[in-house]
Amino acid sequence: MTWWRRWLARLGVHTPVGRDTVVAVALAILGLGRIPLALLLNDGRLPASGWVIAAATLLSTLDFATIAVRRRAPRVALWAAVVVVVAATALPAAYLLTGIGVVVCAYTVATLLPRRQAVTVLGLAAAAHAAGGIVSTALDGRLHLVATYWAYDGGQPVNLVLISLGSVGVPGLVGLYIQTTRAYTAELAARVTRLENERELRAAAAAAEERTRIARELHDVAAHDLSAIVVQAGAADRLLDRDPEKARDTLRSIRTQGRRTLTAMRELVGIMRVTPSLSTVDDLVTAARATGMTVTVRTTGTPACLSPATDAAAYRIVQEALTNARQHAPGAEVEVSVDHRATEVTLIIHNGPSSGDGSAPGGGGHGLLGMGERVRHCGGDLRAGPTETGGWQVTARLPVANGEPA
C-alpha cells in the first residue's frame, strides 16, 4: 500500500462517513479562503464588518458540517441545514455556497429513510424553508445571498414556495429514485441467490438420488455375483478329490466371474467418487459463461503430475473465484490463467471492477478462508485482494507432486 493510501486510510476516507467528513472540511476551508481573497480584491479592506464576516463564516461552516453527519443522523442534519440557511438570510452578507447542506441532506433523507417517512420529512423541511423565507422577507432579510433561495428578490410568496420545493424536493426526488433503484437491484440479487441455492439443492438431491441408485446396483452386484462365487467355491471344494479337472473348471469360472464382479464394482464406485480435477476447469468456465459471465482462459506450460488433493484444490480454487466474481462483481470480465511449471502450477483468477452494484469480496469470507486452508494443506501459497484498477485477483501457487508430466 502506497503512503498516500495509508494516509487516507488513517483519515477514514475508505468509509462513506469518512468521505463525507473530508468533503465538509474541504468546503469549510474553501469558505475560509474567501476572506483573504476579499482582502486582496478590496485593497486590504473587508467587504463587511468583522462580526458579519465571522457570523457568515460560522453559519456556512455549520451548513457544511451537516454533510459530515448526514448518514448517521439524516433528519437532524436536514433540519439543521434548513435552520442555518434561514438564519443566514438575516445577515447583510453571506457565503454564496451556504445552502448546499440542504440539497445534500435532502438527497440523503430520501435515500436512507423509508419512503413514507422520507416524503414526510422532505415536505416539512420544504415548508419550513419556505416559511423561514417569508418571515425573513417580511423582516427585510437578504434571501438572494443564499443559494437555496435562488436569488429571490421579494416577489410573490408563491414563488418562494416553488423555490423551496425545488431546493428540497428535486434532490429528494432524485434520492427516492436512487432508493428505488437500489431496492430493485437488491431484490434481483436476492432472487438470483435464491435461484442459485435452489439449483444447488436440486442438483444435490439429484446426485443423492443417483448415488442411492448406484448403491442399490452395487448391492445387487455384490449379492448376486458373490453369492454365485460362494456356491461355485463350495462345489469346487467337493469336486477337488473326486474330479480335479472339473474342480479346475469351476475355479476358472470363479476367477472369471470374480474379475467381472470386480470391474463392475470399480465402475460403480468410480461414479460415486468423481474427483474434481484441474483438467476439467473448462467445464467450470462453460457453466460460468452460461450464466452470462465473460470468462477467458489462458493456459501455459506442460501439465505436470499433481497429487489428488492438490488437483482437487486447484479445481475448487477456480470454482470459488468464479463464484465470488459472479456474486460480488456482476458484469465484470474474468480472466483465468493457468501456468504449468516443473515444480509448481500457478493459478491467477482476475476480475475487473463490477459494472453493477456489487462489491469486492471481503477478506473475512468463508470462501477465501476455505481456499486458503486448501492451499496450505497442499503446501502452497495463496494471495487474494483488490487490484489498483478496482478489480479483484486471486493468485495460488501449488506444488507439483514429482515434476513428471502427467
# chains A, B, ... in the order shown; residues from 1 in each chain; ligands from 1
call {"tool": "residues_around", "arguments": {"residues": "Val135 of chain A", "least_positions_apart": "4", "cutoff": "12 Å", "atoms": "only C-alpha atoms", "output": "list in words"}}
result
Val86, Ala87, Thr89, Ala90, Ala128, His129, Ala130, Ala131, Leu139, Asp140, Gly141, Arg142, Leu143, Gly154, Pro157 and Leu160 of chain A
call {"tool": "residues_around", "arguments": {"residues": "Leu112 of chain A", "least_positions_apart": "6", "cutoff": "9 Å", "atoms": "only C-alpha atoms", "output": "list of chain:residue names"}}
result
A:Arg71, A:Pro74, A:Ala118, A:Gly175, A:Leu176, A:Gln179
call {"tool": "select_by_dssp", "arguments": {"residues": "segment 151-328 of chain A", "states": "strand (DSSP E or B)", "output": "compact mmCIF listing (two decimals) with N, CA and C atoms, in the first residue's frame"}}
result
# COMPACT_ATOMS: atom_id res chain seq x y z
N THR A 294 -18.44 -13.19 -18.59
CA THR A 294 -17.43 -13.13 -19.66
C THR A 294 -16.13 -13.66 -19.07
N VAL A 295 -15.76 -14.88 -19.46
CA VAL A 295 -14.59 -15.55 -18.90
C VAL A 295 -13.65 -15.98 -20.01
N THR A 296 -12.38 -15.66 -19.86
CA THR A 296 -11.35 -16.11 -20.79
C THR A 296 -10.35 -16.98 -20.02
N VAL A 297 -9.80 -17.97 -20.71
CA VAL A 297 -8.86 -18.91 -20.09
C VAL A 297 -7.55 -18.87 -20.87
N ARG A 298 -6.45 -18.79 -20.12
CA ARG A 298 -5.13 -18.82 -20.75
C ARG A 298 -4.30 -19.87 -20.02
N THR A 299 -3.81 -20.88 -20.76
CA THR A 299 -3.03 -21.96 -20.20
C THR A 299 -1.64 -21.97 -20.83
N THR A 300 -0.62 -22.02 -20.01
CA THR A 300 0.76 -22.07 -20.49
C THR A 300 1.49 -23.22 -19.82
N ALA A 304 1.75 -31.03 -15.43
CA ALA A 304 2.58 -32.00 -14.71
C ALA A 304 1.71 -32.80 -13.75
call {"tool": "closest_atom_pairs", "arguments": {"of": "segment 159-204 of chain A", "to": "segment 330-336 of chain A", "cutoff": "12 Å", "atoms": "only C-alpha atoms", "output": "JSON lines"}}
result
{"residue": "A:Thr185", "atom": "CA", "partner": "A:Pro330", "partner_atom": "CA", "distance": 11.4}
{"residue": "A:Leu188", "atom": "CA", "partner": "A:Pro330", "partner_atom": "CA", "distance": 11.8}
{"residue": "A:Ala189", "atom": "CA", "partner": "A:Pro330", "partner_atom": "CA", "distance": 9.7}
{"residue": "A:Val192", "atom": "CA", "partner": "A:Pro330", "partner_atom": "CA", "distance": 11.4}
call {"tool": "write_last_selection", "arguments": {"atoms": "N, CA and C atoms", "output": "compact mmCIF listing (two decimals), in the first residue's frame"}}
result
# COMPACT_ATOMS: atom_id res chain seq x y z
N THR A 185 -32.44 -3.49 -7.40
CA THR A 185 -31.22 -4.25 -7.66
C THR A 185 -30.96 -5.28 -6.57
N LEU A 188 -33.27 -8.17 -7.09
CA LEU A 188 -32.80 -9.03 -8.17
C LEU A 188 -31.64 -9.91 -7.71
N ALA A 189 -30.70 -9.30 -6.96
CA ALA A 189 -29.57 -10.07 -6.46
C ALA A 189 -30.02 -11.17 -5.52
N VAL A 192 -31.60 -13.90 -7.56
CA VAL A 192 -30.58 -14.73 -8.21
C VAL A 192 -29.94 -15.68 -7.21
call {"tool": "closest_residue", "arguments": {"among": "A:Pro92, A:Glu187, A:Thr148, A:Leu113", "to": "Val52 of chain A", "atoms": "only C-alpha atoms"}}
result
A:Pro92
call {"tool": "atom_distance", "arguments": {"atom1": "atom CA of Gly372 of chain A", "atom2": "atom CA of Glu388 of chain A"}}
result
22.3 Å
call {"tool": "select_by_dssp", "arguments": {"residues": "segment 32-216 of chain A", "states": "helix (DSSP H, G or I)", "output": "number ranges by chain"}}
result
A: 32, 34-41, 50-68, 74-88, 100-112, 115-138, 143-145, 147-149, 157-216
call {"tool": "write_last_selection", "arguments": {"atoms": "C-alpha atoms", "output": "compact mmCIF listing (two decimals), in the first residue's frame"}}
result
# COMPACT_ATOMS: atom_id res chain seq x y z
CA LEU A 32 -12.40 30.47 4.90
CA ARG A 34 -12.67 33.74 0.61
CA ILE A 35 -11.61 36.08 3.44
CA PRO A 36 -8.00 36.65 2.26
CA LEU A 37 -9.33 36.78 -1.30
CA ALA A 38 -11.74 39.55 -0.32
CA LEU A 39 -8.90 41.45 1.32
CA LEU A 40 -6.82 41.11 -1.80
CA LEU A 41 -9.58 42.34 -4.09
CA GLY A 50 -15.88 41.89 11.15
CA TRP A 51 -18.82 40.47 13.09
CA VAL A 52 -20.81 39.99 9.87
CA ILE A 53 -17.91 38.13 8.26
CA ALA A 54 -17.48 36.00 11.39
CA ALA A 55 -21.21 35.18 11.61
CA ALA A 56 -21.44 34.36 7.89
CA THR A 57 -18.36 32.13 8.14
CA LEU A 58 -19.78 30.35 11.19
CA LEU A 59 -23.13 29.72 9.51
CA SER A 60 -21.52 28.45 6.29
CA THR A 61 -19.26 26.14 8.32
CA LEU A 62 -22.30 24.75 10.18
CA ASP A 63 -24.04 24.25 6.84
CA PHE A 64 -21.09 22.24 5.54
CA ALA A 65 -20.88 20.32 8.82
CA THR A 66 -24.34 18.84 8.18
CA ILE A 67 -22.81 16.95 5.24
CA ALA A 68 -20.40 15.19 7.62
CA PRO A 74 -30.20 12.37 8.26
CA ARG A 75 -33.26 14.03 9.85
CA VAL A 76 -31.21 16.14 12.26
CA ALA A 77 -28.77 17.11 9.50
CA LEU A 78 -31.57 18.29 7.19
CA TRP A 79 -33.33 20.33 9.87
CA ALA A 80 -30.05 21.88 10.97
CA ALA A 81 -29.25 22.83 7.38
CA VAL A 82 -32.66 24.49 6.94
CA VAL A 83 -32.22 26.48 10.18
CA VAL A 84 -28.74 27.59 9.08
CA VAL A 85 -29.87 28.94 5.69
CA VAL A 86 -32.83 30.78 7.21
CA ALA A 87 -30.52 32.33 9.80
CA ALA A 88 -28.04 33.30 7.08
CA ILE A 100 -25.53 23.28 -0.19
CA GLY A 101 -26.12 21.30 3.02
CA VAL A 102 -29.89 21.49 2.43
CA VAL A 103 -29.57 19.98 -1.02
CA VAL A 104 -27.20 17.18 0.05
CA CYS A 105 -29.14 16.32 3.22
CA ALA A 106 -32.48 16.29 1.36
CA TYR A 107 -31.00 13.73 -1.05
CA THR A 108 -29.66 11.69 1.89
CA VAL A 109 -33.01 11.64 3.68
CA ALA A 110 -34.67 10.34 0.52
CA THR A 111 -32.10 7.57 0.05
CA LEU A 112 -31.79 6.34 3.65
CA ARG A 115 -40.23 6.10 1.55
CA ARG A 116 -43.20 7.33 3.59
CA GLN A 117 -41.00 8.83 6.31
CA ALA A 118 -38.74 10.43 3.71
CA VAL A 119 -41.66 12.13 1.94
CA THR A 120 -42.99 13.45 5.27
CA VAL A 121 -39.62 14.81 6.39
CA LEU A 122 -38.93 16.40 2.99
CA GLY A 123 -42.37 18.02 2.90
CA LEU A 124 -41.96 19.50 6.37
CA ALA A 125 -38.43 20.70 5.55
CA ALA A 126 -39.64 22.41 2.35
CA ALA A 127 -42.47 24.06 4.29
CA ALA A 128 -40.05 25.28 6.97
CA HIS A 129 -37.67 26.55 4.29
CA ALA A 130 -40.48 28.50 2.59
CA ALA A 131 -41.91 29.81 5.87
CA GLY A 132 -38.48 30.95 7.00
CA GLY A 133 -38.02 32.76 3.71
CA ILE A 134 -41.40 34.51 4.02
CA VAL A 135 -40.62 35.66 7.57
CA SER A 136 -37.13 36.78 6.56
CA THR A 137 -38.55 38.76 3.65
CA ALA A 138 -41.01 40.48 5.96
CA LEU A 143 -32.63 35.82 0.60
CA HIS A 144 -30.71 36.43 -2.61
CA LEU A 145 -27.44 35.84 -0.74
CA ALA A 147 -28.03 29.53 -2.72
CA THR A 148 -31.24 27.64 -1.90
CA TYR A 149 -33.41 30.75 -2.35
CA PRO A 157 -44.77 34.31 -1.87
CA VAL A 158 -45.92 31.52 -4.21
CA ASN A 159 -42.59 31.82 -5.98
CA LEU A 160 -40.85 31.29 -2.66
CA VAL A 161 -42.87 28.11 -2.14
CA LEU A 162 -41.86 26.85 -5.59
CA ILE A 163 -38.23 27.72 -4.86
CA SER A 164 -38.33 25.75 -1.60
CA LEU A 165 -39.92 22.78 -3.35
CA GLY A 166 -37.13 22.92 -5.91
CA SER A 167 -34.33 23.18 -3.35
CA VAL A 168 -35.67 20.36 -1.17
CA GLY A 169 -37.98 18.41 -3.46
CA VAL A 170 -35.74 17.97 -6.52
CA PRO A 171 -32.82 16.35 -4.64
CA GLY A 172 -35.44 14.42 -2.67
CA LEU A 173 -36.97 13.01 -5.86
CA VAL A 174 -33.52 12.05 -7.10
CA GLY A 175 -32.85 10.32 -3.77
CA LEU A 176 -36.15 8.43 -3.90
CA TYR A 177 -35.31 7.25 -7.40
CA ILE A 178 -31.90 6.04 -6.23
CA GLN A 179 -33.51 4.28 -3.27
CA THR A 180 -35.99 2.53 -5.57
CA THR A 181 -33.22 1.50 -7.95
CA ARG A 182 -31.10 0.12 -5.11
CA ALA A 183 -34.03 -1.81 -3.68
CA TYR A 184 -34.84 -3.26 -7.09
CA THR A 185 -31.22 -4.25 -7.66
CA ALA A 186 -31.00 -5.82 -4.21
CA GLU A 187 -34.19 -7.78 -4.87
CA LEU A 188 -32.80 -9.03 -8.17
CA ALA A 189 -29.57 -10.07 -6.46
CA ALA A 190 -31.51 -11.85 -3.72
CA ARG A 191 -33.66 -13.57 -6.32
CA VAL A 192 -30.58 -14.73 -8.21
CA THR A 193 -29.09 -16.04 -4.96
CA ARG A 194 -32.29 -17.91 -4.17
CA LEU A 195 -32.37 -19.42 -7.65
CA GLU A 196 -28.75 -20.48 -7.35
CA ASN A 197 -29.41 -22.04 -3.95
CA GLU A 198 -32.48 -23.85 -5.29
CA ARG A 199 -30.49 -25.09 -8.27
CA GLU A 200 -27.73 -26.34 -5.99
CA LEU A 201 -30.30 -28.06 -3.76
CA ARG A 202 -31.92 -29.72 -6.77
CA ALA A 203 -28.51 -30.78 -8.05
CA ALA A 204 -27.59 -32.17 -4.63
CA ALA A 205 -30.90 -34.03 -4.42
CA ALA A 206 -30.41 -35.47 -7.90
CA ALA A 207 -26.87 -36.52 -7.02
CA ALA A 208 -28.07 -38.15 -3.80
CA GLU A 209 -30.79 -39.99 -5.70
CA GLU A 210 -28.26 -41.16 -8.29
CA ARG A 211 -25.89 -42.35 -5.57
CA THR A 212 -28.74 -44.24 -3.93
CA ARG A 213 -29.50 -45.92 -7.24
CA ILE A 214 -25.84 -46.81 -7.72
CA ALA A 215 -25.67 -48.15 -4.16
CA ARG A 216 -28.62 -50.42 -4.93
call {"tool": "atom_distance", "arguments": {"atom1": "atom CA of Gly380 of chain A", "atom2": "atom CA of Ala288 of chain A"}}
result
26.0 Å
call {"tool": "atom_distance", "arguments": {"atom1": "atom CA of Thr302 of chain A", "atom2": "atom CA of Arg341 of chain A"}}
result
7.0 Å
call {"tool": "residues_around", "arguments": {"residues": "Thr250 of chain A", "least_positions_apart": "6", "cutoff": "12 Å", "atoms": "only C-alpha atoms", "output": "list in words"}}
result
Ala228, Ile229, Val230, Val231, Gln232, Ala233, Gly234, Ala235, Ala236, Asp237, Arg238, Leu239, Leu240, Asp243, Pro244, Thr256 and Gln257 of chain A
call {"tool": "write_last_selection", "arguments": {"atoms": "C-alpha atoms", "output": "short mmCIF file (atom, residue, chain, number, x, y, z; two decimals), in the first residue's frame"}}
result
data_model
loop_
_atom_site.label_atom_id
_atom_site.label_comp_id
_atom_site.auth_asym_id
_atom_site.auth_seq_id
_atom_site.Cartn_x
_atom_site.Cartn_y
_atom_site.Cartn_z
CA ALA A 228 -22.63 -67.32 -7.11
CA ILE A 229 -18.91 -67.31 -6.37
CA VAL A 230 -19.53 -68.75 -2.88
CA VAL A 231 -21.71 -71.53 -4.32
CA GLN A 232 -19.14 -72.37 -7.00
CA ALA A 233 -16.35 -72.37 -4.45
CA GLY A 234 -18.29 -74.92 -2.39
CA ALA A 235 -18.81 -77.09 -5.46
CA ALA A 236 -15.11 -76.89 -6.31
CA ASP A 237 -14.25 -77.98 -2.77
CA ARG A 238 -16.43 -81.09 -3.12
CA LEU A 239 -15.04 -81.94 -6.58
CA LEU A 240 -11.41 -81.42 -5.68
CA ASP A 243 -12.87 -84.88 -10.21
CA PRO A 244 -9.87 -82.49 -10.13
CA THR A 256 -13.69 -65.08 -14.49
CA GLN A 257 -16.78 -64.12 -12.55
#
call {"tool": "closest_residue", "arguments": {"among": "A:Gly258, A:Pro353, A:Pro399, A:Gly370", "to": "Thr387 of chain A", "atoms": "only C-alpha atoms"}}
result
A:Pro353
